[in-house]
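The next block holds one structure in the form of structure tokens; read it before the comments.
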Amino acid sequence: MTTQRIRHYIRSRTGRLALTYLAIIMAMTVLFSSIIFTVASRQFDRPLNGRGGPAMMGEPETIRTLLDQRAADARAELLLSLLLLNLGMLGFGVWFSHYLAERTMQPIERAMKEQEQFVSDASHELRTPLTALSTLNEVALRRKTKISDSEARDLAAKNAAETAKLYHLTSSLLGLVHTNQNTPAISSVDLQQVVSDAMEHITAAAQDKSMTIEDIVPRVKVLTSADRLAQVVKVLLENAVKYSHNRGTVEVRTATHGSTLTLSVVDHGIGIAEADMPHIFNRFYRVDQSRSKAKHDGYGIGLAIAKAISDQLHMNLSVESTPGEGSVFSVDLPLAKAE
Ligand code: ADP
């Protein structure tokens with residue numbers, strides 16, 4: 001759905017919703033007005049010697065006419081007042097129902113626009129490896145001369161590399177969707193275990209860059225989802241390694257404040273400029289894309305997943321960074337009570 005179609009759809013839905021709200025407001029007003037009118041009319045028509053009233057025997061005809069006249073006047077006045085009130089309510093109802101309908105539709109419109117942006121960004125990112133794949137194969141197919149064994153192997157290796165990129169990207173996208181769809185179960189989790197499992201995942205990448213990873217995590221239990229926390233730690237470690245210089249060091253540390261434990265991944269790499277800081281958790285955002293993309297593979301989804309999980313589990317993911325000196329990414333975790 002294009003932005004224009006979304007706008008058109010939202011406008012028509014807002015109109016319909018506003019009409020429904022207006023109908024409800026007016027139905028209530030008319031109902032209450034009729035009840036008031038009926039009850040009041042009964043009171044106007046009450047005979048002078050009615051229930052509870054003093055008996056007026058031999059009531060002169062003139063008094064009765066005057067009283068009837070007064071009741072008719074009061075009824076007419078009440079009817080006019082109620083009519084004016086209903087007209088006033090109609091004016092107010094038109095404005096109020098529109099305001100309510102707009103407020104109801106706002107989050108729906110936001111969600112639809114986000115969805116559209118996500119599909120457009122994802123398609124854009126998917127096209128890059130797909131275009132590379134199709135170009136590689138087309139060039140090979142158009143060749144008039146035979147392809148040698150080594151050229152065929154080279155082509156297969158390039159195809160495999162682009163396919164691996166596609167696999168990584170689609171897995172990340174699925175991870176993002178999955179995070180937003182399910183709320184995980186919380187339990188008492190061994191923090192050291194989660195961190196060491198996540199570290200295994202990046203051992204190869206760290207070895208490639210001759211990097212050292214120092215794990216200074218105590219044996220404590222925290223209340224969280226082990227799977228989701230592991231996902232966050234993996235993203236932070238992956239980035240710490242990716243954006244550090246060769247032979248650098250990454251530390252995984254903790255600090256305790258009362259019943260909260262802060263887990264930090266500290267690197268001494270390239271750091272993040274202040275201008276990029278507000279955007280790094282956005283989906284598909286990559287710092288200085290034209291230059292950094294050549295140096296570091298990635299699609300700008302890792303931190304968006306880490307942020308989505310942290311928000312879901314109230315882990316308060318934060319970052320401090322100095323360009324050229326390094327970054328510290330931290331999450332807060334509630335400590336589990338000792339058994
Ligand atoms: P990716 O790493 O795949 O590009 P992320 O969402 O994980 O995507 O990160 C978004 C951007 O934030 C990265 O492109 C990078 O520029 C910056 N970034 C993330 N972590 C670090 C880090 N530890 N040091 C420096 N820059 C980082």
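A note on labels: chains of the structure tokens are A, B, ... as shown, every chain counts residues from 1, and ligands are counted from 1 in their shown order.
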
List every residue of chain A that has an atom at most 10 Å from any atom of ligand 1, giving for each one its closest atom pair and the distance in Å to one decimal, counting only C-alpha atoms and all ligand atoms, sorted by chain and then by ascending residue number, as a Markdown table.
| residue | atom | partner | partner_atom_place_in_ligand_line | distance |
| --- | --- | --- | --- | --- |
| A:Leu169 | CA | ligand 1 | 3 (O) | 9.3 |
| A:Ser172 | CA | ligand 1 | 3 (O) | 9.4 |
| A:Val235 | CA | ligand 1 | 7 (O) | 6.4 |
| A:Leu236 | CA | ligand 1 | 23 (N) | 6.8 |
| A:Leu237 | CA | ligand 1 | 23 (N) | 7.8 |
| A:Glu238 | CA | ligand 1 | 2 (O) | 7.9 |
| A:Asn239 | CA | ligand 1 | 20 (N) | 4.6 |
| A:Ala240 | CA | ligand 1 | 23 (N) | 4.1 |
| A:Val241 | CA | ligand 1 | 23 (N) | 7.4 |
| A:Lys242 | CA | ligand 1 | 23 (N) | 7.4 |
| A:Tyr243 | CA | ligand 1 | 24 (N) | 4.8 |
| A:Ser244 | CA | ligand 1 | 24 (N) | 6.9 |
| A:Val250 | CA | ligand 1 | 23 (N) | 9.6 |
| A:Val265 | CA | ligand 1 | 23 (N) | 8.3 |
| A:Val266 | CA | ligand 1 | 23 (N) | 7.8 |
| A:Asp267 | CA | ligand 1 | 23 (N) | 6.4 |
| A:His268 | CA | ligand 1 | 24 (N) | 8.3 |
| A:Gly269 | CA | ligand 1 | 24 (N) | 6.1 |
| A:Ile270 | CA | ligand 1 | 25 (C) | 5.4 |
| A:Gly271 | CA | ligand 1 | 25 (C) | 4.3 |
| A:Ile272 | CA | ligand 1 | 25 (C) | 5.1 |
| A:Ala273 | CA | ligand 1 | 26 (N) | 8.6 |
| A:Asp276 | CA | ligand 1 | 12 (O) | 7.9 |
| A:Met277 | CA | ligand 1 | 12 (O) | 8.1 |
| A:His279 | CA | ligand 1 | 12 (O) | 8.1 |
| A:Ile280 | CA | ligand 1 | 12 (O) | 4.6 |
| A:Phe281 | CA | ligand 1 | 6 (O) | 6.1 |
| A:Asn282 | CA | ligand 1 | 6 (O) | 7.3 |
| A:Arg283 | CA | ligand 1 | 6 (O) | 6.8 |
| A:Phe284 | CA | ligand 1 | 6 (O) | 6.7 |
| A:Tyr285 | CA | ligand 1 | 10 (C) | 5.7 |
| A:Arg286 | CA | ligand 1 | 14 (O) | 3.5 |
| A:Val287 | CA | ligand 1 | 16 (O) | 3.9 |
| A:Asp288 | CA | ligand 1 | 16 (O) | 7.0 |
| A:Gln289 | CA | ligand 1 | 14 (O) | 7.4 |
| A:Ser292 | CA | ligand 1 | 16 (O) | 7.2 |
| A:Lys293 | CA | ligand 1 | 4 (O) | 7.8 |
| A:His296 | CA | ligand 1 | 4 (O) | 7.4 |
| A:Asp297 | CA | ligand 1 | 3 (O) | 6.5 |
| A:Gly298 | CA | ligand 1 | 3 (O) | 3.3 |
| A:Tyr299 | CA | ligand 1 | 3 (O) | 4.2 |
| A:Gly300 | CA | ligand 1 | 8 (O) | 3.0 |
| A:Ile301 | CA | ligand 1 | 6 (O) | 4.2 |
| A:Gly302 | CA | ligand 1 | 7 (O) | 3.7 |
| A:Leu303 | CA | ligand 1 | 6 (O) | 3.7 |
| A:Ala304 | CA | ligand 1 | 6 (O) | 5.5 |
| A:Ile305 | CA | ligand 1 | 6 (O) | 7.7 |
| A:Ala306 | CA | ligand 1 | 6 (O) | 8.3 |
| A:Lys307 | CA | ligand 1 | 6 (O) | 9.3 |
| A:Val319 | CA | ligand 1 | 23 (N) | 9.1 |
| A:Glu320 | CA | ligand 1 | 23 (N) | 9.8 |
| A:Ser321 | CA | ligand 1 | 24 (N) | 7.8 |
| A:Thr322 | CA | ligand 1 | 25 (C) | 9.2 |
| A:Pro323 | CA | ligand 1 | 25 (C) | 8.1 |
| A:Gly324 | CA | ligand 1 | 25 (C) | 9.2 |
| A:Glu325 | CA | ligand 1 | 24 (N) | 9.5 |
| A:Gly326 | CA | ligand 1 | 24 (N) | 6.4 |
| A:Ser327 | CA | ligand 1 | 23 (N) | 5.5 |
| A:Val328 | CA | ligand 1 | 23 (N) | 7.2 |
| A:Phe329 | CA | ligand 1 | 23 (N) | 7.4 |

field: All strand (DSSP E) residues (DSSP, backbone) inside stretch 120-241 of chain A, as a ChimeraX atom specification
entry: /A:187-190,212-215,221-224

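For the residues A:Glu114, A:Asp190, A:Glu151, A:Asp215, ranking by smallest atom-to-atom distance to A:Glu251 using only C-alpha atoms places A:Asp215 first.
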
query: Quick one: residues within 7 Å of A:Ser187, only C-alpha atoms counted, chain neighbours fewer than 4 positions away excluded, as a PyMOL selection string?
result: chain A and resi 223-225

Can you spit out the residues from that selection as a short mmCIF file (atom, residue, chain, number, x, y, z; two decimals), in the first residue's frame, using N, CA and C atoms?
data_model
loop_
_atom_site.label_atom_id
_atom_site.label_comp_id
_atom_site.auth_asym_id
_atom_site.auth_seq_id
_atom_site.Cartn_x
_atom_site.Cartn_y
_atom_site.Cartn_z
N LEU A 223 16.71 -12.37 36.24
CA LEU A 223 15.36 -12.71 35.79
C LEU A 223 15.16 -12.20 34.37
N THR A 224 15.15 -13.11 33.42
CA THR A 224 14.98 -12.69 32.01
C THR A 224 14.65 -13.91 31.15
N SER A 225 14.65 -13.72 29.84
CA SER A 225 14.51 -14.87 28.93
C SER A 225 15.92 -15.20 28.43
#

task: as JSON, numbers by chain, please: all residues of stretch 219-274 of chain A that backbone DSSP puts in alpha helix (DSSP H).
output: {"A": [226, 227, 228, 229, 230, 231, 232, 233, 234, 235, 236, 237, 238, 239, 240, 241, 242]}

query: Counting only C-alpha atoms, what is within 12 Å of A:Asn180, bar same-chain residues fewer than 2 positions away, as a list in words?
result: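 In the requested format, the answer is Leu173, Leu174, Gly175, Leu176, Val177, His178, Asn182, Thr183, Pro184, Arg228, Ala304, Ile305, Ala306, Lys307, Ala308, Ile309, Ser310, Asp311, Gln312 and Leu313 of chain A.
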
May I have the residues from that selection written out with N, CA, C and O atoms, as a PDB file, in the first residue's frame?
ATOM      1  N   LEU A 173      15.812 -10.504   9.267  1.00  0.00           N
ATOM      2  CA  LEU A 173      14.460  -9.948   9.121  1.00  0.00           C
ATOM      3  C   LEU A 173      13.445 -10.800   9.868  1.00  0.00           C
ATOM      4  O   LEU A 173      12.569 -10.287  10.567  1.00  0.00           O
ATOM      5  N   LEU A 174      13.600 -12.126   9.735  1.00  0.00           N
ATOM      6  CA  LEU A 174      12.688 -13.026  10.450  1.00  0.00           C
ATOM      7  C   LEU A 174      12.845 -12.847  11.957  1.00  0.00           C
ATOM      8  O   LEU A 174      11.870 -12.870  12.695  1.00  0.00           O
ATOM      9  N   GLY A 175      14.108 -12.664  12.397  1.00  0.00           N
ATOM     10  CA  GLY A 175      14.381 -12.452  13.819  1.00  0.00           C
ATOM     11  C   GLY A 175      13.669 -11.220  14.333  1.00  0.00           C
ATOM     12  O   GLY A 175      13.068 -11.235  15.405  1.00  0.00           O
ATOM     13  N   LEU A 176      13.683 -10.175  13.520  1.00  0.00           N
ATOM     14  CA  LEU A 176      13.028  -8.920  13.903  1.00  0.00           C
ATOM     15  C   LEU A 176      11.515  -9.120  14.025  1.00  0.00           C
ATOM     16  O   LEU A 176      10.886  -8.688  14.997  1.00  0.00           O
ATOM     17  N   VAL A 177      10.927  -9.796  13.028  1.00  0.00           N
ATOM     18  CA  VAL A 177       9.480 -10.041  13.047  1.00  0.00           C
ATOM     19  C   VAL A 177       9.125 -10.931  14.239  1.00  0.00           C
ATOM     20  O   VAL A 177       8.175 -10.666  14.979  1.00  0.00           O
ATOM     21  N   HIS A 178       9.926 -11.966  14.442  1.00  0.00           N
ATOM     22  CA  HIS A 178       9.670 -12.919  15.523  1.00  0.00           C
ATOM     23  C   HIS A 178       9.709 -12.217  16.883  1.00  0.00           C
ATOM     24  O   HIS A 178       8.860 -12.442  17.740  1.00  0.00           O
ATOM     25  N   ASN A 182       6.269 -12.342  19.546  1.00  0.00           N
ATOM     26  CA  ASN A 182       6.103 -13.190  20.723  1.00  0.00           C
ATOM     27  C   ASN A 182       6.669 -12.554  21.983  1.00  0.00           C
ATOM     28  O   ASN A 182       7.734 -11.973  21.960  1.00  0.00           O
ATOM     29  N   THR A 183       5.961 -12.726  23.077  1.00  0.00           N
ATOM     30  CA  THR A 183       6.477 -12.279  24.365  1.00  0.00           C
ATOM     31  C   THR A 183       7.060 -13.506  25.061  1.00  0.00           C
ATOM     32  O   THR A 183       6.357 -14.486  25.297  1.00  0.00           O
ATOM     33  N   PRO A 184       8.373 -13.483  25.350  1.00  0.00           N
ATOM     34  CA  PRO A 184       8.998 -14.683  25.903  1.00  0.00           C
ATOM     35  C   PRO A 184       8.702 -14.886  27.393  1.00  0.00           C
ATOM     36  O   PRO A 184       8.325 -13.941  28.089  1.00  0.00           O
ATOM     37  N   ARG A 228      16.427 -14.693  24.579  1.00  0.00           N
ATOM     38  CA  ARG A 228      16.429 -13.299  24.112  1.00  0.00           C
ATOM     39  C   ARG A 228      17.668 -12.554  24.591  1.00  0.00           C
ATOM     40  O   ARG A 228      18.245 -11.760  23.857  1.00  0.00           O
ATOM     41  N   ALA A 304      18.671  -2.971  15.940  1.00  0.00           N
ATOM     42  CA  ALA A 304      17.204  -2.821  15.980  1.00  0.00           C
ATOM     43  C   ALA A 304      16.588  -4.023  16.691  1.00  0.00           C
ATOM     44  O   ALA A 304      15.647  -3.877  17.489  1.00  0.00           O
ATOM     45  N   ILE A 305      17.135  -5.226  16.443  1.00  0.00           N
ATOM     46  CA  ILE A 305      16.632  -6.435  17.121  1.00  0.00           C
ATOM     47  C   ILE A 305      16.942  -6.331  18.616  1.00  0.00           C
ATOM     48  O   ILE A 305      16.076  -6.567  19.466  1.00  0.00           O
ATOM     49  N   ALA A 306      18.207  -5.938  18.941  1.00  0.00           N
ATOM     50  CA  ALA A 306      18.605  -5.834  20.353  1.00  0.00           C
ATOM     51  C   ALA A 306      17.709  -4.838  21.086  1.00  0.00           C
ATOM     52  O   ALA A 306      17.280  -5.074  22.217  1.00  0.00           O
ATOM     53  N   LYS A 307      17.373  -3.735  20.409  1.00  0.00           N
ATOM     54  CA  LYS A 307      16.540  -2.698  21.032  1.00  0.00           C
ATOM     55  C   LYS A 307      15.116  -3.227  21.236  1.00  0.00           C
ATOM     56  O   LYS A 307      14.500  -3.000  22.283  1.00  0.00           O
ATOM     57  N   ALA A 308      14.587  -3.926  20.208  1.00  0.00           N
ATOM     58  CA  ALA A 308      13.217  -4.452  20.317  1.00  0.00           C
ATOM     59  C   ALA A 308      13.126  -5.419  21.494  1.00  0.00           C
ATOM     60  O   ALA A 308      12.174  -5.376  22.289  1.00  0.00           O
ATOM     61  N   ILE A 309      14.131  -6.289  21.645  1.00  0.00           N
ATOM     62  CA  ILE A 309      14.125  -7.257  22.748  1.00  0.00           C
ATOM     63  C   ILE A 309      14.248  -6.510  24.086  1.00  0.00           C
ATOM     64  O   ILE A 309      13.523  -6.800  25.042  1.00  0.00           O
ATOM     65  N   SER A 310      15.166  -5.541  24.138  1.00  0.00           N
ATOM     66  CA  SER A 310      15.373  -4.804  25.390  1.00  0.00           C
ATOM     67  C   SER A 310      14.105  -4.072  25.810  1.00  0.00           C
ATOM     68  O   SER A 310      13.760  -4.050  26.989  1.00  0.00           O
ATOM     69  N   ASP A 311      13.407  -3.481  24.843  1.00  0.00           N
ATOM     70  CA  ASP A 311      12.155  -2.783  25.179  1.00  0.00           C
ATOM     71  C   ASP A 311      11.129  -3.777  25.703  1.00  0.00           C
ATOM     72  O   ASP A 311      10.428  -3.508  26.674  1.00  0.00           O
ATOM     73  N   GLN A 312      11.068  -4.934  25.023  1.00  0.00           N
ATOM     74  CA  GLN A 312      10.085  -5.947  25.412  1.00  0.00           C
ATOM     75  C   GLN A 312      10.335  -6.440  26.838  1.00  0.00           C
ATOM     76  O   GLN A 312       9.403  -6.660  27.600  1.00  0.00           O
ATOM     77  N   LEU A 313      11.616  -6.600  27.188  1.00  0.00           N
ATOM     78  CA  LEU A 313      11.959  -7.144  28.516  1.00  0.00           C
ATOM     79  C   LEU A 313      12.390  -6.056  29.497  1.00  0.00           C
ATOM     80  O   LEU A 313      12.925  -6.357  30.557  1.00  0.00           O
TER      81      LEU A 313
END

query: Separation of atom CA of A:Ala132 and atom CA of A:Ala205, in Å?
result: 24.5 Å

- request: Please identify all polymer residues within 9 Å of A:Ser259, counting only C-alpha atoms, omitting same-chain residues fewer than 6 positions from it, and present them as a ChimeraX atom specification.
  value: /A:333-337

N, CA and C atoms of the current selection, written as a PDB file, in the first residue's frame:
ATOM      1  N   LEU A 333      19.537  -5.628  34.094  1.00  0.00           N
ATOM      2  CA  LEU A 333      18.803  -6.881  34.329  1.00  0.00           C
ATOM      3  C   LEU A 333      18.445  -6.998  35.813  1.00  0.00           C
ATOM      4  N   PRO A 334      17.237  -7.435  36.130  1.00  0.00           N
ATOM      5  CA  PRO A 334      16.896  -7.611  37.546  1.00  0.00           C
ATOM      6  C   PRO A 334      17.561  -8.883  38.091  1.00  0.00           C
ATOM      7  N   LEU A 335      18.213  -8.760  39.244  1.00  0.00           N
ATOM      8  CA  LEU A 335      18.863  -9.936  39.852  1.00  0.00           C
ATOM      9  C   LEU A 335      17.782 -10.858  40.415  1.00  0.00           C
ATOM     10  N   ALA A 336      17.988 -12.174  40.254  1.00  0.00           N
ATOM     11  CA  ALA A 336      17.019 -13.123  40.825  1.00  0.00           C
ATOM     12  C   ALA A 336      17.321 -13.272  42.309  1.00  0.00           C
ATOM     13  N   LYS A 337      16.265 -13.460  43.132  1.00  0.00           N
ATOM     14  CA  LYS A 337      16.501 -13.637  44.573  1.00  0.00           C
ATOM     15  C   LYS A 337      17.159 -14.980  44.815  1.00  0.00           C
TER      16      LYS A 337
END
